[in-house]
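Chemist: Below is a structure I'd like to ask you about.
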Amino acid sequence: MGKLKIVVTGGAGYIGSHVVKLIGENLKDKAEIVVIDNLSTGHREAVLYGSLVEGDIRDRDLLRKVFSDFDPDVIMHFSALLVVPESVEKPVEYWDNNVGGMIALLSETLPIIKRKKVSFIFSSTAAVYGNPEKLPISEDHPKRPENPYGDTKLACEKLLSSLSYAEKNFNFVSLRYFNAAGADPDGLLGQSTPNPTHLILRAVKVAKGEIPFLEIYGTDYPTPDGTCIRDYIHVQDLAWAHILALQYLLDGGESDFFNVGYGKGYSVLEVLKVVDEVVGFEIPKKKANRRPGDPSALVADPTKIKTKLGFSPKYDDLYFIVKTAWNWELNKRY
Ligand code: UFG
């Protein structure tokens, strides 16, 4: 059998690049990778395996060309805009990029699935659930996104469901990420985003002196210490979930949705305590107003991915997550 051909959209971005590295390291002789990335937030240097096609997935001519040259068996779709407050300000841009991009991608996939099977892995988010009615959140929790970002991801999931129903040659896994954080334990990859909004990345940037102080958005939430609780997952474990999803689909698994988190919640103050420990001093912080749209607590129920995909995390350790993020911040390669 020839090599498995995998297209990775957004493979130069934070999570996509970690997945490309894992595929390169673990399936090197079995798989071939083409990354498509417009480099709007991604980095050429982050693509450690395969080849990079620079371009936007909404460019149907480009997609058609790549697909006819490469004829993929697998599509891993990471490229999307993902900043919640920005999505509130620029809803059209978010729908265009995330849903428009998905429509373009699937439209150009259609001719392939008329001939052969295509497996699709989608980067979804806990934001599809909206404000949780109960914790931890399992996959059958009601889906009521609270912002355009979550709306676009839910719309993409619905489109995937409809397509897998219509086409027997198409199956997918949608992975609903909780809070991805940390960096490649080998130090080759990490998150290098201009104006980052994520807590751990901002905190290590404060420690490095790039940001003057860390603002704690809200201290009056109905949680034990008044700050928001999230389920932080190391990016390498999150990346590994994609390898498991791929195996599952190749083995003939039915289309499905999985939470990817550890099932453990930490408050903002708990995270910042670990940051202080890792960097060896107390980073400057200030109490600030709540950030609009932040649910007080988001914690995954990871039972389904553990039982159905055999997910067994290796880096379920907040100290290690922060340590790798700090290490990347000090020794960035891009
Ligand atoms: N926070 C601060 N100060 C900061 C940054 C964040 O207090 O400088 C707080 C936020 O208010 C929130 C928590 O830290 O309570 C985590 O915030 P992040 O911005 O790191 O992450 P979010 O939980 O807001 O968002 C993440 C992903 C989204 C996804 C969402 C799912 O980034 O893409 O989880 O709930 F939609």
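Ordering of the structure tokens sets the chain letters (A, B, ...); residue numbers start at 1 within each chain; ligands are numbered from 1 in the order shown.
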Using only C-alpha atoms and all ligand atoms, which protein or nucleic acid residues are at most 9 Å from ligand 1, as a count of residues only?
Modeler: 58
Chemist: Could you pull out the helix (DSSP H, G or I) residues of range 78-250 of chain A from DSSP and send them as an mmCIF file with C-alpha atoms, in the first residue's frame?
Modeler:
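Resulting contents of out-v7.cif:
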data_model
loop_
_atom_site.group_PDB
_atom_site.id
_atom_site.type_symbol
_atom_site.label_atom_id
_atom_site.label_comp_id
_atom_site.auth_asym_id
_atom_site.auth_seq_id
_atom_site.Cartn_x
_atom_site.Cartn_y
_atom_site.Cartn_z
ATOM 1 C CA VAL A 84 -13.372 34.960 21.319
ATOM 2 C CA PRO A 85 -13.527 38.750 21.963
ATOM 3 C CA GLU A 86 -12.319 39.451 18.425
ATOM 4 C CA SER A 87 -15.126 37.246 17.093
ATOM 5 C CA VAL A 88 -17.627 39.442 18.918
ATOM 6 C CA GLU A 89 -16.216 42.520 17.187
ATOM 7 C CA PRO A 91 -18.474 38.353 13.260
ATOM 8 C CA VAL A 92 -18.487 38.511 9.460
ATOM 9 C CA GLU A 93 -14.745 37.896 9.319
ATOM 10 C CA TYR A 94 -15.141 34.911 11.646
ATOM 11 C CA TRP A 95 -17.988 33.357 9.656
ATOM 12 C CA ASP A 96 -16.136 33.979 6.428
ATOM 13 C CA ASN A 97 -12.881 32.425 7.640
ATOM 14 C CA ASN A 98 -14.216 29.582 9.710
ATOM 15 C CA VAL A 99 -17.431 28.598 7.962
ATOM 16 C CA GLY A 100 -16.541 29.949 4.514
ATOM 17 C CA GLY A 101 -13.182 28.175 4.789
ATOM 18 C CA MET A 102 -14.896 24.925 5.751
ATOM 19 C CA ILE A 103 -17.355 25.160 2.841
ATOM 20 C CA ALA A 104 -14.504 25.737 0.398
ATOM 21 C CA LEU A 105 -12.537 22.844 1.852
ATOM 22 C CA LEU A 106 -15.441 20.389 1.763
ATOM 23 C CA SER A 107 -16.560 21.530 -1.691
ATOM 24 C CA GLU A 108 -13.149 20.640 -3.056
ATOM 25 C CA THR A 109 -13.192 17.368 -1.109
ATOM 26 C CA LEU A 110 -16.453 16.256 -2.766
ATOM 27 C CA PRO A 111 -14.893 15.095 -6.045
ATOM 28 C CA ILE A 112 -12.418 12.968 -4.064
ATOM 29 C CA ILE A 113 -15.061 11.221 -1.968
ATOM 30 C CA ALA A 126 -15.471 23.715 24.256
ATOM 31 C CA ALA A 127 -16.972 27.051 23.185
ATOM 32 C CA VAL A 128 -19.698 25.073 21.350
ATOM 33 C CA PRO A 148 -19.590 34.066 17.157
ATOM 34 C CA TYR A 149 -16.429 31.979 17.479
ATOM 35 C CA GLY A 150 -18.393 29.149 19.108
ATOM 36 C CA ASP A 151 -21.240 29.631 16.614
ATOM 37 C CA THR A 152 -18.888 29.146 13.661
ATOM 38 C CA LYS A 153 -17.382 25.977 15.119
ATOM 39 C CA LEU A 154 -20.825 24.525 15.847
ATOM 40 C CA ALA A 155 -21.951 25.372 12.304
ATOM 41 C CA CYS A 156 -18.905 23.505 10.957
ATOM 42 C CA GLU A 157 -19.736 20.489 13.107
ATOM 43 C CA LYS A 158 -23.284 20.449 11.730
ATOM 44 C CA LEU A 159 -21.991 20.608 8.194
ATOM 45 C CA LEU A 160 -19.662 17.680 8.888
ATOM 46 C CA SER A 161 -22.572 15.648 10.287
ATOM 47 C CA SER A 162 -24.712 16.374 7.244
ATOM 48 C CA LEU A 163 -21.942 15.459 4.850
ATOM 49 C CA SER A 164 -21.095 12.201 6.591
ATOM 50 C CA TYR A 165 -24.786 11.308 6.446
ATOM 51 C CA ALA A 166 -24.936 12.077 2.725
ATOM 52 C CA LEU A 199 -3.708 33.170 30.288
ATOM 53 C CA ILE A 200 -0.566 31.028 30.505
ATOM 54 C CA LEU A 201 1.092 32.643 27.505
ATOM 55 C CA ARG A 202 0.359 36.123 28.817
ATOM 56 C CA ALA A 203 1.610 35.195 32.271
ATOM 57 C CA VAL A 204 4.995 33.969 30.985
ATOM 58 C CA LYS A 205 5.270 37.101 28.859
ATOM 59 C CA VAL A 206 4.740 39.153 32.013
ATOM 60 C CA ALA A 207 7.507 37.114 33.662
ATOM 61 C CA LYS A 208 9.782 37.872 30.727
ATOM 62 C CA VAL A 235 -0.575 20.780 23.630
ATOM 63 C CA GLN A 236 1.362 17.539 23.152
ATOM 64 C CA ASP A 237 -1.434 15.455 24.692
ATOM 65 C CA LEU A 238 -3.935 17.386 22.612
ATOM 66 C CA ALA A 239 -1.838 16.675 19.519
ATOM 67 C CA TRP A 240 -1.715 12.987 20.400
ATOM 68 C CA ALA A 241 -5.526 12.903 20.488
ATOM 69 C CA HIS A 242 -5.394 13.624 16.729
ATOM 70 C CA ILE A 243 -3.207 10.608 16.111
ATOM 71 C CA LEU A 244 -5.703 8.458 18.020
ATOM 72 C CA ALA A 245 -8.599 9.980 16.081
ATOM 73 C CA LEU A 246 -6.793 9.223 12.841
ATOM 74 C CA GLN A 247 -6.253 5.612 13.834
ATOM 75 C CA TYR A 248 -9.896 5.320 14.849
ATOM 76 C CA LEU A 249 -11.137 6.620 11.491
ATOM 77 C CA LEU A 250 -8.730 4.475 9.499
#
Chemist: Looking at A:Leu309, A:Val7, A:Ala325, A:Leu62, which one is nearest to Leu189 in chain A, with distances taken over only C-alpha atoms?
Modeler: A:Ala325
Chemist: Write down as a list in words the residues belonging to range 167-208 of chain A that are assigned strand (DSSP E) by DSSP computed on the backbone.
Modeler: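 Selecting the strand (DSSP E) positions of range 167-208 of chain A gives Phe170, Asn171, Phe172, Val173, Ser174, Leu175, Arg176, Tyr177, Asn179, Ala180 and Ala181 of chain A.
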Chemist: Taking C-alpha atoms for each residue, export the selection above as a PDB file, in the first residue's frame.
Modeler:
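Result written to out_23.pdb:
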ATOM      1  CA  PHE A 170     -16.681  10.497   4.276  1.00  0.00           C
ATOM      2  CA  ASN A 171     -16.171  10.091   7.997  1.00  0.00           C
ATOM      3  CA  PHE A 172     -14.967  12.571  10.579  1.00  0.00           C
ATOM      4  CA  VAL A 173     -13.933  13.137  14.141  1.00  0.00           C
ATOM      5  CA  SER A 174     -14.532  16.498  15.755  1.00  0.00           C
ATOM      6  CA  LEU A 175     -12.250  17.184  18.708  1.00  0.00           C
ATOM      7  CA  ARG A 176     -13.588  19.738  21.141  1.00  0.00           C
ATOM      8  CA  TYR A 177     -10.520  21.263  22.729  1.00  0.00           C
ATOM      9  CA  ASN A 179      -7.700  25.064  27.100  1.00  0.00           C
ATOM     10  CA  ALA A 180      -4.610  24.126  25.109  1.00  0.00           C
ATOM     11  CA  ALA A 181      -1.388  25.371  26.685  1.00  0.00           C
TER      12      ALA A 181
END
Chemist: I'd like the neighbourhood of Lys306 in chain A as a ChimeraX atom specification, where a residue qualifies if any of its atoms comes within 10 Å (using only C-alpha atoms), though same-chain residues fewer than 6 positions away should be ignored.
Modeler: /A:241,258-260,262,312-313
Chemist: Write out, as an mmCIF file, in the first residue's frame, the residues just selected, with C-alpha atoms.
Modeler:
data_model
loop_
_atom_site.group_PDB
_atom_site.id
_atom_site.type_symbol
_atom_site.label_atom_id
_atom_site.label_comp_id
_atom_site.auth_asym_id
_atom_site.auth_seq_id
_atom_site.Cartn_x
_atom_site.Cartn_y
_atom_site.Cartn_z
ATOM 1 C CA ALA A 241 -5.526 12.903 20.488
ATOM 2 C CA PHE A 258 -14.922 14.000 21.523
ATOM 3 C CA ASN A 259 -13.949 16.365 24.305
ATOM 4 C CA VAL A 260 -10.222 16.736 24.764
ATOM 5 C CA TYR A 262 -8.069 16.233 31.495
ATOM 6 C CA SER A 312 -4.199 8.341 28.061
ATOM 7 C CA PRO A 313 -2.507 11.673 28.716
#
Chemist: List the neighbours of Val66 in chain A out to 12 Å using only C-alpha atoms; skip same-chain residues closer than 5 positions along the sequence, and give me the result as a ChimeraX atom specification.
Modeler: /A:5-9,33-36,51-57,59-61,71-72,105,108-109
Chemist: Please, what distance in Å, to one decimal, runs between CA of Gly310 in chain A and CA of Gly263 in chain A?
Modeler: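 Interatomic distance here is 15.2 Å.
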Chemist: Nearest residue to Glu167 in chain A out of A:Asn38, A:Asp225, A:Ser255, A:Gly10, using only C-alpha atoms?
Modeler: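 Distance minimum relative to Glu167 in chain A lands on A:Ser255.
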Chemist: CA of His43 in chain A and CA of Gly261 in chain A, how far apart in Å?
Modeler: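 Straight-line distance from CA of Gly261 in chain A to CA of His43 in chain A works out to 25.7 Å.
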Chemist: Which residue out of A:Gly50, A:Ile211, A:Lys3, A:Lys314 has the minimum interatomic distance to Lys285 in chain A when only C-alpha atoms are used?
Modeler: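 Once distances to Lys285 in chain A are computed over only C-alpha atoms, the minimum belongs to A:Ile211.
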Chemist: If I take CA of Asp317 in chain A and CA of Lys273 in chain A, how far is one from the other in Å, to one decimal?
Modeler: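 Separation between CA of Asp317 in chain A and CA of Lys273 in chain A: 13.8 Å.
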Chemist: Under the rule that only C-alpha atoms are counted, which of A:Glu32, A:Glu210, A:Glu146, A:Glu139 is the nearest residue to Pro284 in chain A?
Modeler: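 Closest to Pro284 in chain A, using only C-alpha atoms: A:Glu210.
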Chemist: Let me make sure I understand: among A:Pro132, A:Gly42, A:Pro194, A:Gly182, which one has the smallest atom-to-atom distance to Ile233 in chain A if we use only C-alpha atoms?
Modeler: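 Nearest candidate to Ile233 in chain A out of A:Pro132, A:Gly42, A:Pro194, A:Gly182: A:Gly182.
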Chemist: Return the single residue from A:Asp316, A:Asp220, A:Asp186, A:Asp301 that is closest to Asn289 in chain A, with distances computed using only C-alpha atoms.
Modeler: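 Once distances to Asn289 in chain A are computed over only C-alpha atoms, the minimum belongs to A:Asp220.
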